>>> print(open('data_21.tsv').read())   # TSV, C-alpha atoms
chain	number	residue	atom	x	y	z
B	3	MET	CA	138.68	239.27	104.72
B	4	LYS	CA	140.80	239.55	101.58
B	5	ILE	CA	144.52	238.98	101.92
B	6	VAL	CA	147.55	238.67	99.67
B	7	LEU	CA	149.76	235.71	100.51
B	8	ARG	CA	153.45	236.49	100.92
B	9	GLN	CA	154.47	232.82	100.97
B	10	ASP	CA	152.97	229.46	100.10
B	11	VAL	CA	150.44	228.30	102.70
B	12	PRO	CA	149.39	224.63	102.57
B	13	LYS	CA	145.70	224.11	101.75
B	14	LEU	CA	145.26	227.84	101.12
B	15	GLY	CA	147.34	229.01	98.18
B	16	GLU	CA	150.64	230.02	96.67
B	17	ALA	CA	152.63	233.17	97.35
B	18	GLY	CA	151.26	236.21	95.53
B	19	THR	CA	147.68	234.98	95.26
B	20	ILE	CA	144.69	236.86	96.60
B	21	GLN	CA	142.56	234.82	99.00
B	22	THR	CA	139.44	235.35	101.06
B	23	VAL	CA	139.74	233.90	104.56
B	24	ALA	CA	138.04	234.24	107.94
B	25	ASP	CA	138.87	237.48	109.76
B	26	GLY	CA	140.29	235.72	112.80
B	27	TYR	CA	142.50	233.42	110.71
B	28	ALA	CA	143.98	236.42	108.93
B	29	ARG	CA	144.38	238.70	111.98
B	30	ASN	CA	145.54	236.10	114.47
B	31	TYR	CA	147.68	233.78	112.38
B	32	LEU	CA	148.51	234.70	108.78
B	33	ILE	CA	149.35	238.40	109.18
B	34	PRO	CA	151.34	238.13	112.47
B	35	GLN	CA	153.34	235.18	111.06
B	36	GLY	CA	154.25	237.26	107.99
B	37	MET	CA	152.50	234.83	105.66
B	38	ALA	CA	150.05	237.43	104.34
B	39	VAL	CA	149.17	241.12	104.25
B	40	LEU	CA	145.82	242.87	104.09
B	41	ALA	CA	144.63	243.18	100.48
B	42	THR	CA	144.72	246.93	99.83
B	43	VAL	CA	144.43	248.42	96.34
B	44	GLY	CA	148.22	248.78	96.08
B	45	GLU	CA	148.88	245.24	97.31
B	46	ILE	CA	146.38	243.81	94.82
B	47	LYS	CA	148.04	245.67	91.92
B	48	THR	CA	151.46	244.47	93.02
B	49	ALA	CA	150.21	240.88	93.37
B	50	GLU	CA	148.64	240.93	89.89
B	51	HIS	CA	151.84	242.35	88.37
B	52	ASN	CA	153.98	239.73	90.14
B	53	LEU	CA	151.61	236.98	88.94
B	54	LYS	CA	152.03	238.08	85.31
B	55	VAL	CA	155.81	238.18	85.71
B	56	ARG	CA	155.82	234.71	87.25
B	57	GLU	CA	153.63	233.32	84.43
B	58	ARG	CA	156.08	234.65	81.81
B	59	LYS	CA	159.02	233.19	83.74
B	60	VAL	CA	157.35	229.77	84.01
B	61	ALA	CA	156.53	229.83	80.27
B	62	ARG	CA	160.22	230.47	79.46
B	63	GLN	CA	161.30	227.68	81.80
B	64	GLU	CA	158.79	225.27	80.26
B	65	GLU	CA	160.20	225.96	76.80
B	66	ALA	CA	163.76	225.44	78.00
B	67	LEU	CA	162.99	222.19	79.86
B	68	GLN	CA	160.63	220.60	77.31
B	69	SER	CA	163.36	218.38	75.83
B	70	HIS	CA	164.33	217.32	79.37
B	71	ALA	CA	160.71	216.28	80.02
B	72	ASP	CA	160.47	214.45	76.68
B	73	LYS	CA	163.51	212.28	77.56
B	74	ILE	CA	161.97	211.36	80.91
B	75	GLU	CA	158.39	210.73	79.73
B	76	GLY	CA	157.42	207.06	79.67
B	77	THR	CA	160.73	205.76	81.01
B	78	ARG	CA	160.46	202.34	82.62
B	79	LEU	CA	162.47	201.92	85.82
B	80	GLU	CA	162.90	198.43	87.27
B	81	PHE	CA	163.78	197.65	90.87
B	82	THR	CA	164.20	194.37	92.72
B	83	ALA	CA	163.68	194.22	96.47
B	84	LEU	CA	163.06	191.69	99.20
B	85	ALA	CA	159.34	191.13	99.65
B	86	GLY	CA	157.04	189.03	101.79
B	87	ASP	CA	154.40	186.54	100.66
B	88	GLN	CA	151.72	189.18	100.04
B	89	GLY	CA	154.05	191.28	97.87
B	90	ARG	CA	154.83	193.84	100.57
B	91	LEU	CA	158.45	195.02	100.52
B	92	PHE	CA	160.63	194.72	103.60
B	93	GLY	CA	162.06	198.12	102.73
B	94	SER	CA	160.77	200.71	100.29
B	95	ILE	CA	161.60	202.46	97.03
B	96	THR	CA	161.99	206.18	97.68
B	97	SER	CA	162.17	209.25	95.47
B	98	ASN	CA	165.94	209.23	95.92
B	99	ASP	CA	166.15	205.70	94.47
B	100	ILE	CA	163.98	206.74	91.52
B	101	ALA	CA	166.10	209.87	90.87
B	102	GLU	CA	169.33	207.86	90.87
B	103	GLN	CA	168.06	205.22	88.46
B	104	LEU	CA	166.46	207.87	86.23
B	105	LYS	CA	169.83	209.60	85.94
B	106	GLU	CA	171.50	206.29	85.02
B	107	LYS	CA	168.89	205.45	82.36
B	108	THR	CA	168.30	208.83	80.70
B	109	GLY	CA	171.34	210.86	81.67
B	110	GLU	CA	168.99	213.58	82.91
B	111	ASP	CA	169.55	214.87	86.44
B	112	VAL	CA	166.26	215.07	88.39
B	113	ASP	CA	165.94	216.59	91.84
B	114	ARG	CA	164.41	214.00	94.19
B	115	ARG	CA	162.07	216.65	95.64
B	116	LYS	CA	160.39	217.01	92.25
B	117	ILE	CA	159.33	213.36	92.22
B	118	GLN	CA	155.72	213.27	93.41
B	119	LEU	CA	155.41	210.41	95.90
B	120	THR	CA	152.90	210.74	98.71
B	121	ASP	CA	154.49	207.73	100.43
B	122	PRO	CA	157.47	205.54	99.53
B	123	LEU	CA	156.59	202.58	97.30
B	124	ARG	CA	156.22	199.47	99.46
B	125	THR	CA	154.46	196.92	97.25
B	126	VAL	CA	155.51	194.72	94.34
B	127	GLY	CA	154.03	195.70	90.97
B	128	GLU	CA	153.82	198.64	88.60
B	129	HIS	CA	153.49	202.19	89.88
B	130	GLU	CA	153.07	205.32	87.78
B	131	VAL	CA	155.05	208.21	89.25
B	132	GLU	CA	154.73	211.86	88.23
B	133	ILE	CA	157.71	214.21	88.15
B	134	HIS	CA	156.93	217.91	88.57
B	135	ILE	CA	159.65	219.69	86.60
B	136	VAL	CA	158.15	223.18	86.29
B	137	GLY	CA	154.70	224.60	85.61
B	138	ARG	CA	152.67	222.18	83.52
B	139	LEU	CA	155.66	219.95	82.67
B	140	ARG	CA	154.85	216.77	84.54
B	141	PRO	CA	156.24	213.70	82.78
B	142	LYS	CA	155.32	210.29	84.11
B	143	VAL	CA	157.58	207.28	84.57
B	144	LEU	CA	156.65	203.67	85.19
B	145	VAL	CA	158.29	202.12	88.24
B	146	VAL	CA	158.24	198.30	88.21
B	147	ILE	CA	159.11	196.56	91.47
B	148	GLU	CA	159.84	192.84	91.44
B	149	ALA	CA	160.39	190.56	94.41
B	150	GLU	CA	163.97	189.43	94.86
B	151	GLY	CA	164.31	185.60	95.09
B	152	SER	CA	162.61	185.50	98.49
B	153	SER	CA	161.12	181.99	98.10
B	154	GLU	CA	164.41	180.32	99.12
B	155	SER	CA	164.83	182.46	102.21
B	156	ASP	CA	161.17	181.94	103.20
B	157	ASP	CA	161.64	178.12	103.14
B	158	SER	CA	164.71	178.27	105.36
B	159	THR	CA	163.08	180.62	107.87
B	160	THR	CA	160.00	178.38	108.20
B	161	GLU	CA	162.28	175.39	108.89
B	162	ASP	CA	164.19	177.39	111.52
B	163	VAL	CA	160.92	178.42	113.17
B	164	ALA	CA	159.72	174.79	113.21
B	165	GLU	CA	162.98	173.64	114.82
B	166	THR	CA	162.93	176.32	117.50
B	167	SER	CA	159.26	175.80	118.27
B	168	ALA	CA	159.86	172.05	118.75
B	169	GLU	CA	162.49	172.60	121.44
B	170	PRO	CA	160.28	174.45	123.95
B	171	GLU	CA	157.59	171.78	123.59
B	172	VAL	CA	160.09	169.08	124.59
B	173	ALA	CA	161.19	171.18	127.55
B	174	GLY	CA	157.53	171.71	128.46
B	175	ASP	CA	156.83	167.98	128.24
B	176	GLU	CA	159.78	167.18	130.51
B	177	ALA	CA	158.62	169.78	133.03
B	178	ALA	CA	155.13	168.30	132.98
B	179	THR	CA	156.41	164.75	133.65
B	180	GLU	CA	158.56	165.77	136.61
>>> encode(input="data_21.tsv", output="structure tokens")
Amino acid sequence: MKIVLRQDVPKLGEAGTIQTVADGYARNYLIPQGMAVLATVGEIKTAEHNLKVRERKVARQEEALQSHADKIEGTRLEFTALAGDQGRLFGSITSNDIAEQLKEKTGEDVDRRKIQLTDPLRTVGEHEVEIHIVGRLRPKVLVVIEAEGSSESDDSTTEDVAETSAEPEVAGDEAATE
């Protein structure tokens, strides 16, 4: 069945696109939820017209934001965070952290929702992150995460663990002798 999407549907398409889906999916879910309408001749014409209008709007926005994207492209952002022995962070670097540091470095305000992270960054090293500004404008930044002086704290925690593990053994030895 052909339908015209009224809103973005994950794994199906964007609002205004014409899609072919199973009859039951359209009748039982998409149409009753208001996500789509049946693709009649009038709806198809309207969808095509709206698509052309949207393409022109995106083209104008791309022109206006090109300099914004050029300032962001290739920026190197450096973070330091506590990390374990295998380079895994105790916390994470999120899109909000990246947006804040990007604003400090470039002076360009970036919405954190436009930073394309599937998951927060949780490992030490270099990560390439894409920022979806509008349309085909997708500058990339390099996020470098370094471990914060964790070698000193690791030594002290292993000593503490050795001291605490020695105490129960003594108590266990005394209990065994009694």
>>> closest_atom_pairs(input="data_21.tsv", of="segment 131-155 of chain B", to="segment 94-115 of chain B", cutoff="9 Å", atoms="all atoms listed in the file", output="tab-separated table")
residue	atom	partner	partner_atom	distance
B:Ile133	CA	B:Val112	CA	8.6
B:His134	CA	B:Arg115	CA	8.8
B:Ile135	CA	B:Val112	CA	8.3
B:Val145	CA	B:Ile100	CA	8.0
B:Ile147	CA	B:Ile95	CA	8.5
>>> residues_near_point(input="data_21.tsv", point="(152.2, 229.6, 101.3)", cutoff="12 Å", atoms="all atoms listed in the file", output="ChimeraX atom specification")
/B:6-21,32,35-38
>>> residues_around(input="data_21.tsv", residues="segment 136-142 of chain B", least_positions_apart="5", cutoff="7 Å", atoms="all atoms listed in the file", output="PyMOL selection string")
chain B and resi 60+64+71+74-76+130-131
>>> closest_residue(input="data_21.tsv", among="B:Val126, B:Ile46, B:Lys4, B:Val146", to="Thr77 of chain B", atoms="all atoms listed in the file")
B:Val146
>>> closest_residue(input="data_21.tsv", among="B:Ala149, B:Glu50, B:Val39, B:Arg56", to="Val23 of chain B", atoms="all atoms listed in the file")
B:Val39
>>> atom_distance(input="data_21.tsv", atom1="atom CA of Phe92 of chain B", atom2="atom CA of Thr125 of chain B")
9.1 Å
>>> atom_distance(input="data_21.tsv", atom1="atom CA of Ala83 of chain B", atom2="atom CA of Glu148 of chain B")
6.5 Å
>>> build_atoms(input="data_21.tsv", residues="segment 91-119 of chain B", atoms="N, CA and C atoms", output="mmCIF file, in the frame of the given file")
data_model
loop_
_atom_site.group_PDB
_atom_site.id
_atom_site.type_symbol
_atom_site.label_atom_id
_atom_site.label_comp_id
_atom_site.auth_asym_id
_atom_site.auth_seq_id
_atom_site.Cartn_x
_atom_site.Cartn_y
_atom_site.Cartn_z
ATOM 1 N N LEU B 91 156.999 194.940 100.423
ATOM 2 C CA LEU B 91 158.450 195.020 100.520
ATOM 3 C C LEU B 91 158.896 195.125 101.969
ATOM 4 N N PHE B 92 160.066 194.569 102.270
ATOM 5 C CA PHE B 92 160.630 194.720 103.600
ATOM 6 C C PHE B 92 161.192 196.119 103.783
ATOM 7 N N GLY B 93 161.603 196.743 102.711
ATOM 8 C CA GLY B 93 162.060 198.120 102.730
ATOM 9 C C GLY B 93 161.101 198.958 101.914
ATOM 10 N N SER B 94 161.618 199.921 101.169
ATOM 11 C CA SER B 94 160.770 200.710 100.290
ATOM 12 C C SER B 94 161.616 201.312 99.178
ATOM 13 N N ILE B 95 160.952 201.744 98.124
ATOM 14 C CA ILE B 95 161.600 202.460 97.030
ATOM 15 C C ILE B 95 161.234 203.922 97.221
ATOM 16 N N THR B 96 162.232 204.775 97.385
ATOM 17 C CA THR B 96 161.990 206.180 97.680
ATOM 18 C C THR B 96 162.249 207.049 96.445
ATOM 19 N N SER B 97 161.935 208.322 96.572
ATOM 20 C CA SER B 97 162.170 209.250 95.470
ATOM 21 C C SER B 97 163.655 209.366 95.158
ATOM 22 N N ASN B 98 164.501 209.186 96.145
ATOM 23 C CA ASN B 98 165.940 209.230 95.920
ATOM 24 C C ASN B 98 166.383 208.060 95.044
ATOM 25 N N ASP B 99 165.833 206.868 95.292
ATOM 26 C CA ASP B 99 166.150 205.700 94.470
ATOM 27 C C ASP B 99 165.706 205.923 93.023
ATOM 28 N N ILE B 100 164.518 206.487 92.859
ATOM 29 C CA ILE B 100 163.980 206.740 91.520
ATOM 30 C C ILE B 100 164.854 207.767 90.796
ATOM 31 N N ALA B 101 165.263 208.833 91.488
ATOM 32 C CA ALA B 101 166.100 209.870 90.870
ATOM 33 C C ALA B 101 167.437 209.306 90.418
ATOM 34 N N GLU B 102 168.042 208.446 91.240
ATOM 35 C CA GLU B 102 169.330 207.860 90.870
ATOM 36 C C GLU B 102 169.215 206.980 89.630
ATOM 37 N N GLN B 103 168.189 206.117 89.601
ATOM 38 C CA GLN B 103 168.060 205.220 88.460
ATOM 39 C C GLN B 103 167.634 205.987 87.199
ATOM 40 N N LEU B 104 166.864 207.045 87.372
ATOM 41 C CA LEU B 104 166.460 207.870 86.230
ATOM 42 C C LEU B 104 167.682 208.544 85.609
ATOM 43 N N LYS B 105 168.609 208.980 86.448
ATOM 44 C CA LYS B 105 169.830 209.600 85.940
ATOM 45 C C LYS B 105 170.677 208.571 85.184
ATOM 46 N N GLU B 106 170.748 207.338 85.694
ATOM 47 C CA GLU B 106 171.500 206.290 85.020
ATOM 48 C C GLU B 106 170.905 205.951 83.657
ATOM 49 N N LYS B 107 169.562 205.872 83.600
ATOM 50 C CA LYS B 107 168.890 205.450 82.360
ATOM 51 C C LYS B 107 168.859 206.539 81.303
ATOM 52 N N THR B 108 168.511 207.766 81.691
ATOM 53 C CA THR B 108 168.300 208.830 80.700
ATOM 54 C C THR B 108 169.446 209.821 80.622
ATOM 55 N N GLY B 109 170.275 209.864 81.656
ATOM 56 C CA GLY B 109 171.340 210.860 81.670
ATOM 57 C C GLY B 109 170.850 212.218 82.136
ATOM 58 N N GLU B 110 169.570 212.319 82.462
ATOM 59 C CA GLU B 110 168.990 213.580 82.910
ATOM 60 C C GLU B 110 168.981 213.626 84.435
ATOM 61 N N ASP B 111 169.505 214.705 84.994
ATOM 62 C CA ASP B 111 169.550 214.870 86.440
ATOM 63 C C ASP B 111 168.194 215.396 86.917
ATOM 64 N N VAL B 112 167.575 214.682 87.860
ATOM 65 C CA VAL B 112 166.260 215.070 88.390
ATOM 66 C C VAL B 112 166.392 215.234 89.894
ATOM 67 N N ASP B 113 165.925 216.355 90.401
ATOM 68 C CA ASP B 113 165.940 216.590 91.840
ATOM 69 C C ASP B 113 164.913 215.666 92.492
ATOM 70 N N ARG B 114 165.300 214.958 93.535
ATOM 71 C CA ARG B 114 164.410 214.000 94.190
ATOM 72 C C ARG B 114 163.159 214.660 94.755
ATOM 73 N N ARG B 115 163.238 215.945 95.080
ATOM 74 C CA ARG B 115 162.070 216.650 95.640
ATOM 75 C C ARG B 115 161.001 216.921 94.590
ATOM 76 N N LYS B 116 161.360 216.781 93.315
ATOM 77 C CA LYS B 116 160.390 217.010 92.250
ATOM 78 C C LYS B 116 159.613 215.746 91.898
ATOM 79 N N ILE B 117 160.022 214.625 92.461
ATOM 80 C CA ILE B 117 159.330 213.360 92.220
ATOM 81 C C ILE B 117 158.143 213.299 93.179
ATOM 82 N N GLN B 118 156.951 213.185 92.626
ATOM 83 C CA GLN B 118 155.720 213.270 93.410
ATOM 84 C C GLN B 118 155.325 211.906 93.973
ATOM 85 N N LEU B 119 155.783 211.616 95.178
ATOM 86 C CA LEU B 119 155.410 210.410 95.900
ATOM 87 C C LEU B 119 154.748 210.843 97.204
#
